[in-house]
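Structure data follow from model.cif (mmCIF, C-alpha atoms and all ligand atoms):
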```
data_my_file
loop_
_atom_site.label_atom_id
_atom_site.label_comp_id
_atom_site.auth_asym_id
_atom_site.auth_seq_id
_atom_site.Cartn_x
_atom_site.Cartn_y
_atom_site.Cartn_z
CA MET A 11 0.00 0.00 0.00
CA THR A 12 1.44 3.38 -0.99
CA GLU A 13 0.18 6.93 -1.30
CA SER A 14 0.15 8.89 -4.54
CA LEU A 15 2.92 11.45 -4.77
CA SER A 16 0.62 14.42 -5.20
CA ALA A 17 0.71 16.76 -2.20
CA SER A 18 -1.37 15.68 0.76
CA ARG A 19 -2.19 17.38 4.03
CA VAL A 20 -2.36 16.27 7.63
CA ARG A 21 -4.10 18.62 10.05
CA ILE A 22 -2.85 19.29 13.57
CA ASP A 23 -6.09 20.02 15.37
CA LEU A 24 -5.40 21.85 18.62
CA GLY A 25 -8.98 23.02 19.07
CA ASP A 26 -8.14 26.71 18.62
CA GLU A 27 -6.66 29.23 16.19
CA ARG A 28 -3.25 27.53 16.40
CA CYS A 29 -4.40 24.58 14.22
CA TYR A 30 -2.12 24.05 11.26
CA ASP A 31 -1.39 21.78 8.33
CA ILE A 32 1.52 19.55 7.44
CA ALA A 33 1.89 19.60 3.65
CA ILE A 34 3.56 16.48 2.25
CA GLY A 35 4.65 16.24 -1.38
CA THR A 36 7.35 16.90 -3.93
CA GLY A 37 8.67 20.21 -5.22
CA LEU A 38 7.04 22.07 -2.33
CA ILE A 39 9.89 24.32 -1.20
CA ALA A 40 10.14 25.91 -4.65
CA GLN A 41 6.48 26.96 -4.66
CA GLN A 42 5.31 30.29 -3.25
CA ALA A 43 1.91 28.78 -2.47
CA SER A 44 3.45 26.38 0.06
CA PHE A 45 4.01 29.35 2.36
CA ASP A 46 0.70 31.20 1.93
CA VAL A 47 0.03 30.92 5.63
CA ALA A 48 2.87 33.37 6.45
CA ARG A 49 1.87 37.01 6.49
CA ALA A 50 2.95 38.83 3.33
CA GLY A 51 4.98 42.02 3.70
CA THR A 52 6.64 41.00 6.96
CA PRO A 53 10.39 40.50 7.43
CA ALA A 54 11.68 36.96 7.58
CA LEU A 55 14.76 35.00 8.58
CA ILE A 56 15.68 31.56 7.25
CA VAL A 57 17.61 29.64 9.91
CA THR A 58 19.57 26.72 8.51
CA ASN A 59 22.95 25.02 8.87
CA SER A 60 26.20 24.78 6.96
CA THR A 61 25.25 21.46 5.29
CA VAL A 62 21.69 22.29 4.28
CA ALA A 63 22.26 25.93 3.24
CA PRO A 64 24.20 25.19 0.04
CA LEU A 65 21.67 22.53 -0.95
CA TYR A 66 18.33 24.25 -0.39
CA ALA A 67 18.51 27.80 1.00
CA ASP A 68 18.46 29.48 -2.44
CA THR A 69 15.41 27.49 -3.55
CA LEU A 70 13.50 28.33 -0.39
CA ALA A 71 14.56 31.98 -0.58
CA GLY A 72 13.30 32.09 -4.17
CA ALA A 73 9.86 30.90 -3.09
CA LEU A 74 9.75 33.39 -0.20
CA ALA A 75 11.14 36.48 -1.92
CA GLY A 76 7.78 37.77 -3.13
CA ARG A 77 6.18 37.34 0.30
CA HIS A 78 8.91 38.86 2.47
CA PRO A 79 10.46 42.08 1.13
CA ARG A 80 13.21 41.69 3.71
CA LEU A 81 14.53 38.14 3.78
CA SER A 82 17.77 37.20 5.55
CA ARG A 83 19.41 33.90 6.30
CA LEU A 84 21.45 32.63 9.20
CA VAL A 85 23.71 29.60 8.77
CA LEU A 86 24.45 27.76 12.02
CA PRO A 87 27.18 25.16 12.56
CA ASP A 88 25.94 21.62 11.84
CA GLY A 89 25.58 19.02 14.56
CA GLU A 90 23.77 17.88 17.69
CA GLN A 91 26.68 19.24 19.75
CA TYR A 92 25.64 22.74 18.60
CA LYS A 93 22.08 22.45 19.93
CA THR A 94 23.10 24.85 22.69
CA TRP A 95 22.59 28.24 24.29
CA ASP A 96 25.46 29.58 22.18
CA SER A 97 23.75 28.65 18.91
CA LEU A 98 20.41 29.94 20.18
CA ASN A 99 22.11 33.23 20.97
CA LEU A 100 23.41 33.44 17.39
CA ILE A 101 19.76 33.52 16.29
CA PHE A 102 18.95 36.27 18.79
CA ASP A 103 22.11 38.20 17.79
CA GLU A 104 20.98 38.11 14.16
CA LEU A 105 17.42 39.15 14.99
CA LEU A 106 18.29 41.94 17.42
CA GLY A 107 21.36 43.10 15.52
CA GLY A 108 19.29 43.30 12.34
CA GLY A 109 16.42 45.15 14.01
CA PHE A 110 13.86 42.44 13.22
CA ASP A 111 10.48 43.30 14.75
CA ARG A 112 7.83 41.08 16.32
CA LYS A 113 6.09 40.44 12.98
CA THR A 114 9.18 38.63 11.71
CA THR A 115 8.60 35.09 10.47
CA LEU A 116 11.31 32.49 11.13
CA TYR A 117 11.77 29.59 8.74
CA ALA A 118 13.52 26.49 10.11
CA LEU A 119 15.23 24.85 7.14
CA GLY A 120 16.99 21.72 8.37
CA GLY A 121 16.70 18.60 10.44
CA GLY A 122 15.52 18.27 14.01
CA VAL A 123 18.44 20.24 15.42
CA VAL A 124 17.71 23.36 13.37
CA GLY A 125 13.95 22.86 13.82
CA ASP A 126 14.11 22.51 17.61
CA MET A 127 16.41 25.52 18.01
CA THR A 128 14.55 27.78 15.58
CA GLY A 129 11.25 26.89 17.20
CA PHE A 130 12.64 27.71 20.64
CA ALA A 131 14.05 31.01 19.33
CA ALA A 132 10.63 31.82 17.83
CA ALA A 133 8.94 31.03 21.16
CA CYS A 134 11.27 33.42 23.01
CA TYR A 135 12.03 36.28 20.63
CA MET A 136 9.97 39.28 21.69
CA ARG A 137 7.84 36.73 23.63
CA GLY A 138 6.89 34.90 20.45
CA VAL A 139 7.11 35.36 16.68
CA PRO A 140 5.60 33.11 14.00
CA PHE A 141 7.65 30.31 12.50
CA VAL A 142 7.38 27.71 9.77
CA GLN A 143 9.00 24.28 9.83
CA VAL A 144 10.69 23.17 6.60
CA PRO A 145 12.10 19.78 7.68
CA THR A 146 14.88 18.35 5.52
CA THR A 147 15.55 14.98 7.21
CA LEU A 148 13.27 11.96 7.41
CA LEU A 149 13.40 12.20 11.19
CA ALA A 150 12.26 15.81 11.11
CA GLN A 151 9.49 15.11 8.57
CA VAL A 152 8.00 12.22 10.55
CA ASP A 153 8.46 13.59 14.05
CA SER A 154 10.44 16.62 15.21
CA SER A 155 8.86 19.31 13.01
CA VAL A 156 5.37 18.28 14.11
CA GLY A 157 3.70 19.02 17.41
CA GLY A 158 5.49 22.08 18.78
CA LYS A 159 8.18 20.64 21.05
CA THR A 160 11.19 22.96 20.85
CA ALA A 161 14.39 22.77 22.88
CA ILE A 162 18.13 22.89 23.29
CA ASN A 163 20.30 20.35 25.12
CA HIS A 164 22.00 20.81 28.48
CA PRO A 165 25.17 18.87 29.39
CA LEU A 166 23.15 17.21 32.16
CA GLY A 167 20.22 16.22 29.99
CA LYS A 168 18.83 16.13 26.48
CA ASN A 169 16.20 18.70 25.39
CA MET A 170 15.95 19.93 28.97
CA ILE A 171 15.54 23.64 28.15
CA GLY A 172 12.66 24.42 25.84
CA ALA A 173 9.04 25.32 25.23
CA PHE A 174 5.87 24.06 23.62
CA TYR A 175 5.39 26.40 20.68
CA GLN A 176 3.52 25.48 17.50
CA PRO A 177 4.59 26.45 13.98
CA LEU A 178 2.28 28.18 11.50
CA ALA A 179 2.77 25.26 9.12
CA VAL A 180 5.02 22.32 8.32
CA VAL A 181 6.16 21.86 4.71
CA CYS A 182 7.54 18.35 4.08
CA ASP A 183 9.18 18.28 0.66
CA LEU A 184 10.03 14.65 -0.04
CA ASP A 185 12.53 15.65 -2.76
CA LEU A 186 14.88 16.93 -0.06
CA LEU A 187 15.38 13.40 1.25
CA LYS A 188 17.29 12.49 -1.93
CA THR A 189 20.48 14.09 -0.59
CA LEU A 190 20.20 12.60 2.88
CA PRO A 191 23.11 10.27 3.78
CA ALA A 192 22.09 6.62 4.33
CA ARG A 193 23.00 6.78 8.02
CA GLU A 194 20.64 9.74 8.53
CA LEU A 195 17.86 7.98 6.62
CA SER A 196 18.20 5.00 8.96
CA ALA A 197 18.09 7.35 11.95
CA GLY A 198 14.77 8.70 10.66
CA LEU A 199 13.43 5.17 10.24
CA ALA A 200 13.78 4.67 14.00
CA GLU A 201 11.05 7.27 14.58
CA VAL A 202 8.91 5.73 11.80
CA ILE A 203 9.20 2.26 13.33
CA LYS A 204 8.31 3.70 16.75
CA TYR A 205 4.74 4.44 15.65
CA GLY A 206 4.00 0.74 15.09
CA PRO A 207 4.41 -0.75 18.57
CA ILE A 208 2.87 2.28 20.28
CA ALA A 209 -0.15 2.84 18.04
CA ASP A 210 -0.57 0.91 14.81
CA MET A 211 0.60 -2.65 14.21
CA ALA A 212 -0.86 -2.60 10.68
CA PHE A 213 1.65 0.19 9.95
CA PHE A 214 4.35 -1.94 11.57
CA ASP A 215 3.43 -4.80 9.16
CA TRP A 216 3.70 -2.32 6.27
CA ILE A 217 7.13 -1.09 7.41
CA GLU A 218 8.35 -4.70 7.65
CA ALA A 219 7.17 -5.34 4.11
CA ASN A 220 8.68 -2.10 2.77
CA ILE A 221 11.85 -1.61 4.78
CA ASP A 222 14.12 -2.30 1.80
CA ALA A 223 12.19 0.16 -0.37
CA LEU A 224 12.41 2.77 2.40
CA ARG A 225 16.17 2.31 2.72
CA ALA A 226 16.46 2.58 -1.06
CA CYS A 227 14.64 5.94 -0.86
CA ASP A 228 11.68 4.71 -2.92
CA PRO A 229 9.55 7.86 -3.32
CA ALA A 230 6.17 6.19 -2.89
CA ALA A 231 7.29 4.25 0.17
CA LEU A 232 8.75 7.38 1.78
CA ALA A 233 5.58 9.32 1.00
CA HIS A 234 3.46 6.74 2.78
CA ALA A 235 5.85 6.53 5.76
CA VAL A 236 5.81 10.31 6.23
CA GLN A 237 2.06 10.56 5.74
CA ARG A 238 1.13 7.77 8.18
CA SER A 239 3.69 8.86 10.78
CA CYS A 240 2.36 12.42 10.69
CA GLN A 241 -1.24 11.18 10.97
CA ILE A 242 -0.42 9.14 14.07
CA LYS A 243 1.53 12.00 15.64
CA ALA A 244 -1.23 14.49 14.78
CA ASP A 245 -3.79 12.26 16.46
CA VAL A 246 -1.71 12.01 19.65
CA VAL A 247 -0.79 15.70 19.78
CA GLY A 248 -4.41 16.69 19.10
CA GLN A 249 -5.43 14.78 22.24
CA ASP A 250 -2.57 15.85 24.52
CA GLU A 251 -0.57 18.79 23.21
CA ARG A 252 1.43 19.47 26.37
CA GLU A 253 2.10 15.87 27.38
CA SER A 254 -0.03 15.62 30.46
CA GLY A 255 -0.44 11.93 29.67
CA LEU A 256 -0.91 10.24 26.29
CA ARG A 257 1.78 12.16 24.37
CA ALA A 258 4.49 10.50 26.45
CA ILE A 259 4.01 7.32 24.35
CA LEU A 260 5.83 9.14 21.52
CA ASN A 261 8.92 8.82 23.69
CA PHE A 262 9.07 5.03 23.35
CA GLY A 263 12.77 4.12 23.45
CA HIS A 264 13.78 7.69 24.25
CA THR A 265 14.46 7.31 27.98
CA PHE A 266 17.23 4.80 27.31
CA GLY A 267 18.14 6.60 24.08
CA HIS A 268 18.61 10.01 25.67
CA ALA A 269 20.92 8.41 28.26
CA ILE A 270 23.03 7.02 25.40
CA GLU A 271 23.19 10.42 23.69
CA ALA A 272 24.12 12.34 26.83
CA GLY A 273 26.39 9.57 28.14
CA MET A 274 28.36 9.20 24.91
CA GLY A 275 28.50 12.97 24.29
CA TYR A 276 25.97 14.67 22.00
CA GLY A 277 26.61 13.80 18.36
CA ALA A 278 28.52 10.54 18.97
CA TRP A 279 25.38 8.51 18.39
CA LEU A 280 22.68 9.97 16.13
CA HIS A 281 19.40 10.58 17.93
CA GLY A 282 17.64 7.96 15.78
CA GLU A 283 20.38 5.41 16.45
CA ALA A 284 20.02 5.92 20.20
CA VAL A 285 16.23 5.58 19.85
CA GLY A 286 16.70 2.36 17.85
CA ALA A 287 18.75 0.69 20.60
CA GLY A 288 16.54 2.36 23.22
CA MET A 289 13.41 0.76 21.74
CA VAL A 290 14.99 -2.69 22.04
CA MET A 291 15.81 -1.94 25.69
CA ALA A 292 12.29 -0.63 26.37
CA ALA A 293 10.76 -3.67 24.65
CA GLU A 294 12.96 -5.94 26.74
CA LEU A 295 11.80 -4.11 29.86
CA SER A 296 8.18 -4.59 28.69
CA ARG A 297 8.86 -8.31 28.43
CA GLU A 298 10.42 -8.41 31.90
CA LEU A 299 7.26 -6.72 33.21
CA GLY A 300 5.16 -9.48 31.60
CA LEU A 301 3.51 -7.16 29.07
CA VAL A 302 4.78 -8.66 25.79
CA ASP A 303 6.38 -11.96 24.84
CA ALA A 304 9.87 -12.70 23.55
CA ALA A 305 8.55 -13.16 20.00
CA PHE A 306 7.41 -9.54 19.96
CA VAL A 307 10.79 -8.29 21.19
CA ASP A 308 12.55 -10.39 18.54
CA ARG A 309 10.30 -9.05 15.79
CA LEU A 310 10.93 -5.44 16.77
CA THR A 311 14.67 -6.08 17.11
CA GLN A 312 14.80 -7.64 13.64
CA LEU A 313 13.10 -4.64 12.05
CA ILE A 314 15.38 -2.18 13.82
CA HIS A 315 18.36 -4.19 12.56
CA ARG A 316 16.99 -4.27 9.00
CA ALA A 317 16.57 -0.47 9.18
CA GLY A 318 20.35 -0.20 9.60
CA LEU A 319 20.18 0.77 13.25
CA PRO A 320 22.02 -0.51 16.32
CA THR A 321 20.06 -2.99 18.40
CA ARG A 322 22.40 -2.94 21.40
CA GLY A 323 22.90 -0.03 23.73
CA ALA A 324 26.21 1.74 24.21
CA VAL A 325 28.51 1.16 27.14
CA ILE A 326 28.60 4.66 28.58
CA ASP A 327 30.57 3.83 31.73
CA ALA A 328 33.02 0.96 31.85
CA ALA A 329 32.99 0.80 35.67
CA ASP A 330 29.23 1.00 36.35
CA ASN A 331 27.31 1.12 33.09
CA ALA A 332 23.84 0.47 34.50
CA GLY A 333 24.47 2.94 37.32
CA ARG A 334 25.39 5.67 34.85
CA TYR A 335 22.26 4.95 32.75
CA LEU A 336 20.11 5.19 35.88
CA GLN A 337 21.78 8.46 36.90
CA LEU A 338 21.15 10.03 33.49
CA MET A 339 17.61 8.67 33.21
CA ARG A 340 16.64 10.24 36.54
CA VAL A 341 16.80 13.66 34.84
CA ASP A 342 14.41 12.51 32.09
CA LYS A 343 11.37 14.81 31.83
CA LYS A 344 9.02 11.94 32.63
CA ALA A 345 10.76 11.24 35.96
CA GLU A 346 8.71 12.14 39.03
CA ASP A 347 10.31 12.65 42.48
CA GLY A 348 13.49 11.01 41.15
CA GLU A 349 11.56 7.92 40.01
CA ILE A 350 12.23 7.04 36.37
CA ARG A 351 9.14 6.32 34.27
CA PHE A 352 9.43 4.32 31.09
CA VAL A 353 7.24 4.02 28.01
CA VAL A 354 6.60 0.28 27.77
CA ILE A 355 4.60 -1.76 25.30
CA ASP A 356 1.42 -3.09 26.86
CA GLY A 357 0.64 -5.53 24.06
CA PRO A 358 1.48 -4.89 20.39
CA GLY A 359 0.15 -1.48 19.28
CA ARG A 360 -0.42 -0.14 22.81
CA ALA A 361 1.95 1.79 25.06
CA VAL A 362 1.76 2.92 28.69
CA VAL A 363 4.07 4.78 31.06
CA ARG A 364 5.33 2.74 34.01
CA ALA A 365 7.93 2.88 36.76
CA ALA A 366 10.13 -0.20 37.14
CA PRO A 367 12.37 -1.44 39.97
CA ASP A 368 16.00 -0.32 39.56
CA ALA A 369 17.18 -3.93 39.87
CA LEU A 370 15.07 -4.95 36.88
CA VAL A 371 16.22 -1.97 34.82
CA ARG A 372 19.84 -2.84 35.67
CA GLN A 373 19.28 -6.39 34.38
CA VAL A 374 17.86 -5.06 31.12
CA ILE A 375 20.78 -2.65 30.65
CA ASP A 376 23.35 -5.36 31.43
CA ARG A 377 21.70 -7.71 28.95
CA CYS A 378 21.15 -5.14 26.17
CA CYS A 379 24.46 -3.27 26.08
CA ALA A 380 27.33 -4.32 23.88
P1 LIG B 401 20.02 16.79 12.37
O1 LIG B 401 19.15 17.96 12.43
O2 LIG B 401 21.34 16.85 13.05
O3 LIG B 401 20.23 16.39 10.85
C1 LIG B 401 21.00 15.26 10.56
C2 LIG B 401 22.13 15.57 9.57
O4 LIG B 401 21.61 15.61 8.25
C3 LIG B 401 22.82 16.90 9.79
O5 LIG B 401 24.19 16.77 9.53
C4 LIG B 401 22.16 17.78 8.75
O6 LIG B 401 22.96 18.88 8.38
C5 LIG B 401 21.99 16.83 7.62
N1 LIG B 401 20.93 17.13 6.68
C6 LIG B 401 19.72 17.62 6.97
N2 LIG B 401 18.95 17.62 5.89
C7 LIG B 401 19.69 17.15 4.88
C8 LIG B 401 19.43 16.89 3.52
N3 LIG B 401 18.23 17.06 2.99
N4 LIG B 401 20.42 16.40 2.76
C9 LIG B 401 21.66 16.17 3.30
N5 LIG B 401 21.95 16.36 4.59
C10 LIG B 401 20.96 16.84 5.38
O7 LIG B 401 19.29 15.50 12.99
P2 LIG B 401 17.81 14.95 12.89
O8 LIG B 401 17.93 13.49 12.95
O9 LIG B 401 17.05 15.56 11.78
O10 LIG B 401 17.14 15.49 14.22
C11 LIG B 401 17.59 15.06 15.50
C12 LIG B 401 17.16 16.07 16.52
O11 LIG B 401 15.74 16.14 16.54
C13 LIG B 401 17.60 15.75 17.91
O12 LIG B 401 18.15 16.90 18.52
C14 LIG B 401 16.32 15.35 18.62
O13 LIG B 401 16.34 15.64 19.99
C15 LIG B 401 15.31 16.17 17.89
N6 LIG B 401 13.94 15.66 17.96
C16 LIG B 401 12.96 16.50 18.33
C17 LIG B 401 11.66 16.08 18.37
C18 LIG B 401 10.55 17.05 18.69
O14 LIG B 401 9.42 16.62 18.87
N7 LIG B 401 10.82 18.33 18.74
C19 LIG B 401 11.35 14.76 18.02
C20 LIG B 401 12.37 13.91 17.64
C21 LIG B 401 13.68 14.36 17.62
N1 LIG B 402 8.93 13.32 19.82
C1 LIG B 402 8.09 13.24 20.97
C2 LIG B 402 7.00 14.23 20.98
O1 LIG B 402 6.87 15.04 20.10
O2 LIG B 402 6.23 14.24 21.91
#
```
Please lay out the structure from this file as structure tokens.
Ligand code: NAD
Ligand code: GLY
Amino acid sequence: MTESLSASRVRIDLGDERCYDIAIGTGLIAQQASFDVARAGTPALIVTNSTVAPLYADTLAGALAGRHPRLSRLVLPDGEQYKTWDSLNLIFDELLGGGFDRKTTLYALGGGVVGDMTGFAAACYMRGVPFVQVPTTLLAQVDSSVGGKTAINHPLGKNMIGAFYQPLAVVCDLDLLKTLPARELSAGLAEVIKYGPIADMAFFDWIEANIDALRACDPAALAHAVQRSCQIKADVVGQDERESGLRAILNFGHTFGHAIEAGMGYGAWLHGEAVGAGMVMAAELSRELGLVDAAFVDRLTQLIHRAGLPTRGAVIDAADNAGRYLQLMRVDKKAEDGEIRFVVIDGPGRAVVRAAPDALVRQVIDRCCA
């Protein structure tokens, strides 16, 4: 089953004037009409990075030139290790130094790192300016550009400083994925696979059947993966925008994964790679809690492997690996009163948030780390 490649739309329904659309299709960033939602005549700033700028900034600027008489661009250094206060300040320096007013529209042209930082800058600048997400990685198209989570990292914890702040629109141009390195495509597949065990096992079946086509960048397969992932995320965010409950299921694999990212040093493992291994660990914990059987864990592990992702966690501390994981996971945003809470699979296609005894978590870490 695949979608046609003509542009499609997924609505993020927040129940108020902040509702917006995700446009999914080809050739979108070259078309003025893709950005109709942004107010004409206002100044604008494209925020991007040193890898994406030479590939796509001119095309986007061409589509925006008629809408924004003053259009600037800011090129940030590339990498998860730059998702910091310093980079955020570069955005504010550009905005304040250039005299950009509160009607300025920000365009985030890049992967999740650029998207998360630009969104956070938009949330803060003059107490909030409009922004548009133009995601250029698979991971950003299926997850990070959607739903309004924005953040930077802190050395003590991933995405710990941030805000909920929704974009005006998300424009997913599938053509941009053609230049994505294979390792980054695999990282994006981790977030695609995630939607199966937490919400839709029929989608999981489809991913299993199409994983080779996805890795080969088959346009129709990618279109369907982006479309279905965005639909599932839209449904969850529409019910629980600020993660008072349900939205936490989108963090399946992330509690372990964030510990890998912070423990190894940001950028050593890609976010999607850490989520891949983290999902195996979370599935294994689900099995230890008696919620799923070994066959389910094996099936998920196989698919993560076929996606080109690691299925074993990193050793982040040679002396006390499990202890270091536990220490890092206690600063996870889901933790309450120092008690770590995990997204576990409560039967295929259903996820819940649960605490687990440290001893059990230690066993899982010891068993799942290389
Ligand atoms: P990324 O932004 O670092 O991009 C990955 C790499 O691909 C970078 O080197 C980038 O320059 C390059 N790149 C981007 N687009 C390209 C293209 N079209 N062609 C060639 N190269 C391209 O990483 P990512 O995987 O997109 O995002 C990871 C980040 O997203 C993490 O910081 C994670 O915390 C965040 N995230 C946020 C949310 C959310 O809800 N806000 C959800 C998931 C992940
Ligand atoms: N990526 C998790 C969320 O958006 O809630």
Using all atoms listed in the file, find each protein or nucleic acid residue lying at most 7 Å from ligand LIG 402 (chain B); present the set as a ChimeraX atom specification. /A:153-154,156-157,159,257-258,260-261
Selection: 12 Å around A:Arg372, all atoms listed in the file, excl. self and same-chain fewer than 6 positions, as a list in words: Phe266, Met291, Glu294, Leu295, Glu298, Asp330, Asn331, Ala332, Gly333, Arg334, Tyr335, Leu336, Gln337, Met339, Ala366, Cys378 and Cys379 of chain A
Which chain A residues have any atom within 8 Å of an atom of ligand LIG 401 (chain B), and for each, what is the nearest pair of atoms with distance in Å to one decimal, counting all atoms listed in the file, rows sorted by chain and number, as a Markdown table?
```
| residue | atom | partner | partner_atom | distance |
| --- | --- | --- | --- | --- |
| A:Asn59 | CA | B:LIG401 | O6 | 6.2 |
| A:Ser60 | CA | B:LIG401 | O6 | 6.9 |
| A:Thr61 | CA | B:LIG401 | O6 | 4.6 |
| A:Val62 | CA | B:LIG401 | O6 | 5.5 |
| A:Leu65 | CA | B:LIG401 | N4 | 7.3 |
| A:Tyr66 | CA | B:LIG401 | N3 | 7.9 |
| A:Asp88 | CA | B:LIG401 | O6 | 5.3 |
| A:Gly89 | CA | B:LIG401 | O2 | 5.0 |
| A:Glu90 | CA | B:LIG401 | O2 | 5.3 |
| A:Lys93 | CA | B:LIG401 | O12 | 6.9 |
| A:Gly120 | CA | B:LIG401 | C6 | 5.1 |
| A:Gly121 | CA | B:LIG401 | O1 | 3.2 |
| A:Gly122 | CA | B:LIG401 | O10 | 3.2 |
| A:Val123 | CA | B:LIG401 | O1 | 3.8 |
| A:Val124 | CA | B:LIG401 | O1 | 5.7 |
| A:Gly125 | CA | B:LIG401 | O1 | 7.3 |
| A:Asp126 | CA | B:LIG401 | N7 | 5.4 |
| A:Pro145 | CA | B:LIG401 | N2 | 7.4 |
| A:Thr146 | CA | B:LIG401 | N2 | 4.2 |
| A:Thr147 | CA | B:LIG401 | N2 | 4.5 |
| A:Leu148 | CA | B:LIG401 | O9 | 6.8 |
| A:Leu149 | CA | B:LIG401 | O9 | 5.0 |
| A:Ala150 | CA | B:LIG401 | O9 | 4.8 |
| A:Asp153 | CA | B:LIG401 | C19 | 5.0 |
| A:Ser154 | CA | B:LIG401 | C17 | 3.4 |
| A:Ser155 | CA | B:LIG401 | N7 | 6.1 |
| A:Val156 | CA | B:LIG401 | O14 | 6.5 |
| A:Gly157 | CA | B:LIG401 | O14 | 6.4 |
| A:Gly158 | CA | B:LIG401 | N7 | 6.5 |
| A:Lys159 | CA | B:LIG401 | N7 | 4.2 |
| A:Thr160 | CA | B:LIG401 | N7 | 5.1 |
| A:Ala161 | CA | B:LIG401 | N7 | 7.0 |
| A:Ile162 | CA | B:LIG401 | O12 | 7.7 |
| A:Asn163 | CA | B:LIG401 | O12 | 7.8 |
| A:Lys168 | CA | B:LIG401 | O13 | 7.0 |
| A:Asn169 | CA | B:LIG401 | O13 | 6.2 |
| A:Leu186 | CA | B:LIG401 | N3 | 4.5 |
| A:Leu187 | CA | B:LIG401 | N3 | 5.0 |
| A:Lys188 | CA | B:LIG401 | N3 | 6.8 |
| A:Thr189 | CA | B:LIG401 | N4 | 4.1 |
| A:Leu190 | CA | B:LIG401 | N4 | 3.8 |
| A:Pro191 | CA | B:LIG401 | C9 | 6.1 |
| A:Glu194 | CA | B:LIG401 | C1 | 5.9 |
| A:Ala197 | CA | B:LIG401 | O8 | 6.2 |
| A:Gly198 | CA | B:LIG401 | O8 | 6.2 |
| A:Glu201 | CA | B:LIG401 | C20 | 7.4 |
| A:Leu280 | CA | B:LIG401 | O8 | 6.7 |
| A:His281 | CA | B:LIG401 | C11 | 5.4 |
| A:Gly282 | CA | B:LIG401 | O8 | 6.2 |
```
Write out as an mmCIF file with C-alpha atoms, in the frame of the given file the residues lying within 9 Å of stretch 346-360 of chain A, counting all atoms listed in the file and excluding same-chain residues fewer than 2 positions away.
```cif
data_model
loop_
_atom_site.group_PDB
_atom_site.id
_atom_site.type_symbol
_atom_site.label_atom_id
_atom_site.label_comp_id
_atom_site.auth_asym_id
_atom_site.auth_seq_id
_atom_site.Cartn_x
_atom_site.Cartn_y
_atom_site.Cartn_z
ATOM 1 C CA TYR A 205 4.740 4.440 15.650
ATOM 2 C CA GLY A 206 4.000 0.740 15.090
ATOM 3 C CA PRO A 207 4.410 -0.750 18.570
ATOM 4 C CA ILE A 208 2.870 2.280 20.280
ATOM 5 C CA ALA A 209 -0.150 2.840 18.040
ATOM 6 C CA ASP A 210 -0.570 0.910 14.810
ATOM 7 C CA MET A 211 0.600 -2.650 14.210
ATOM 8 C CA ALA A 212 -0.860 -2.600 10.680
ATOM 9 C CA PHE A 214 4.350 -1.940 11.570
ATOM 10 C CA ALA A 258 4.490 10.500 26.450
ATOM 11 C CA ILE A 259 4.010 7.320 24.350
ATOM 12 C CA LEU A 260 5.830 9.140 21.520
ATOM 13 C CA ASN A 261 8.920 8.820 23.690
ATOM 14 C CA PHE A 262 9.070 5.030 23.350
ATOM 15 C CA GLY A 263 12.770 4.120 23.450
ATOM 16 C CA HIS A 264 13.780 7.690 24.250
ATOM 17 C CA THR A 265 14.460 7.310 27.980
ATOM 18 C CA PHE A 266 17.230 4.800 27.310
ATOM 19 C CA ALA A 292 12.290 -0.630 26.370
ATOM 20 C CA ALA A 293 10.760 -3.670 24.650
ATOM 21 C CA GLU A 294 12.960 -5.940 26.740
ATOM 22 C CA LEU A 295 11.800 -4.110 29.860
ATOM 23 C CA SER A 296 8.180 -4.590 28.690
ATOM 24 C CA ARG A 297 8.860 -8.310 28.430
ATOM 25 C CA LEU A 299 7.260 -6.720 33.210
ATOM 26 C CA GLY A 300 5.160 -9.480 31.600
ATOM 27 C CA LEU A 301 3.510 -7.160 29.070
ATOM 28 C CA VAL A 302 4.780 -8.660 25.790
ATOM 29 C CA ASP A 303 6.380 -11.960 24.840
ATOM 30 C CA PHE A 306 7.410 -9.540 19.960
ATOM 31 C CA LEU A 336 20.110 5.190 35.880
ATOM 32 C CA MET A 339 17.610 8.670 33.210
ATOM 33 C CA ARG A 340 16.640 10.240 36.540
ATOM 34 C CA VAL A 341 16.800 13.660 34.840
ATOM 35 C CA ASP A 342 14.410 12.510 32.090
ATOM 36 C CA LYS A 343 11.370 14.810 31.830
ATOM 37 C CA LYS A 344 9.020 11.940 32.630
ATOM 38 C CA VAL A 362 1.760 2.920 28.690
ATOM 39 C CA VAL A 363 4.070 4.780 31.060
ATOM 40 C CA ARG A 364 5.330 2.740 34.010
ATOM 41 C CA ALA A 365 7.930 2.880 36.760
ATOM 42 C CA ALA A 366 10.130 -0.200 37.140
ATOM 43 C CA ASP A 368 16.000 -0.320 39.560
#
```
Atom-to-atom span, atom CA of A:Leu232 and atom CA of A:Thr58, Å: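 Atom CA of A:Leu232 sits 23.2 Å away from atom CA of A:Thr58.
The gap separating atom CA of A:Leu199 from atom CA of A:Asp215 is 14.2 Å, in Å to one decimal.
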Could you tell me, as a PyMOL selection string, which residues have any atom at most 9 Å from (7.6, 21.3, 1.0), counting all atoms listed in the file? chain A and resi 17+33-41+44-45+144-145+180-186
Quote the spacing between atom CA of A:Thr94 and atom CA of A:His164 in Å to one decimal place.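 For atom CA of A:Thr94 relative to atom CA of A:His164, the distance reads 7.1 Å.
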Compare A:Gln241, A:Gln42, A:Ser196, A:Thr69 by their minimum atom-to-atom distance to A:Arg21, counting only C-alpha atoms, and give me the closest one.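 Smallest separation from A:Arg21 among the options: A:Gln241.
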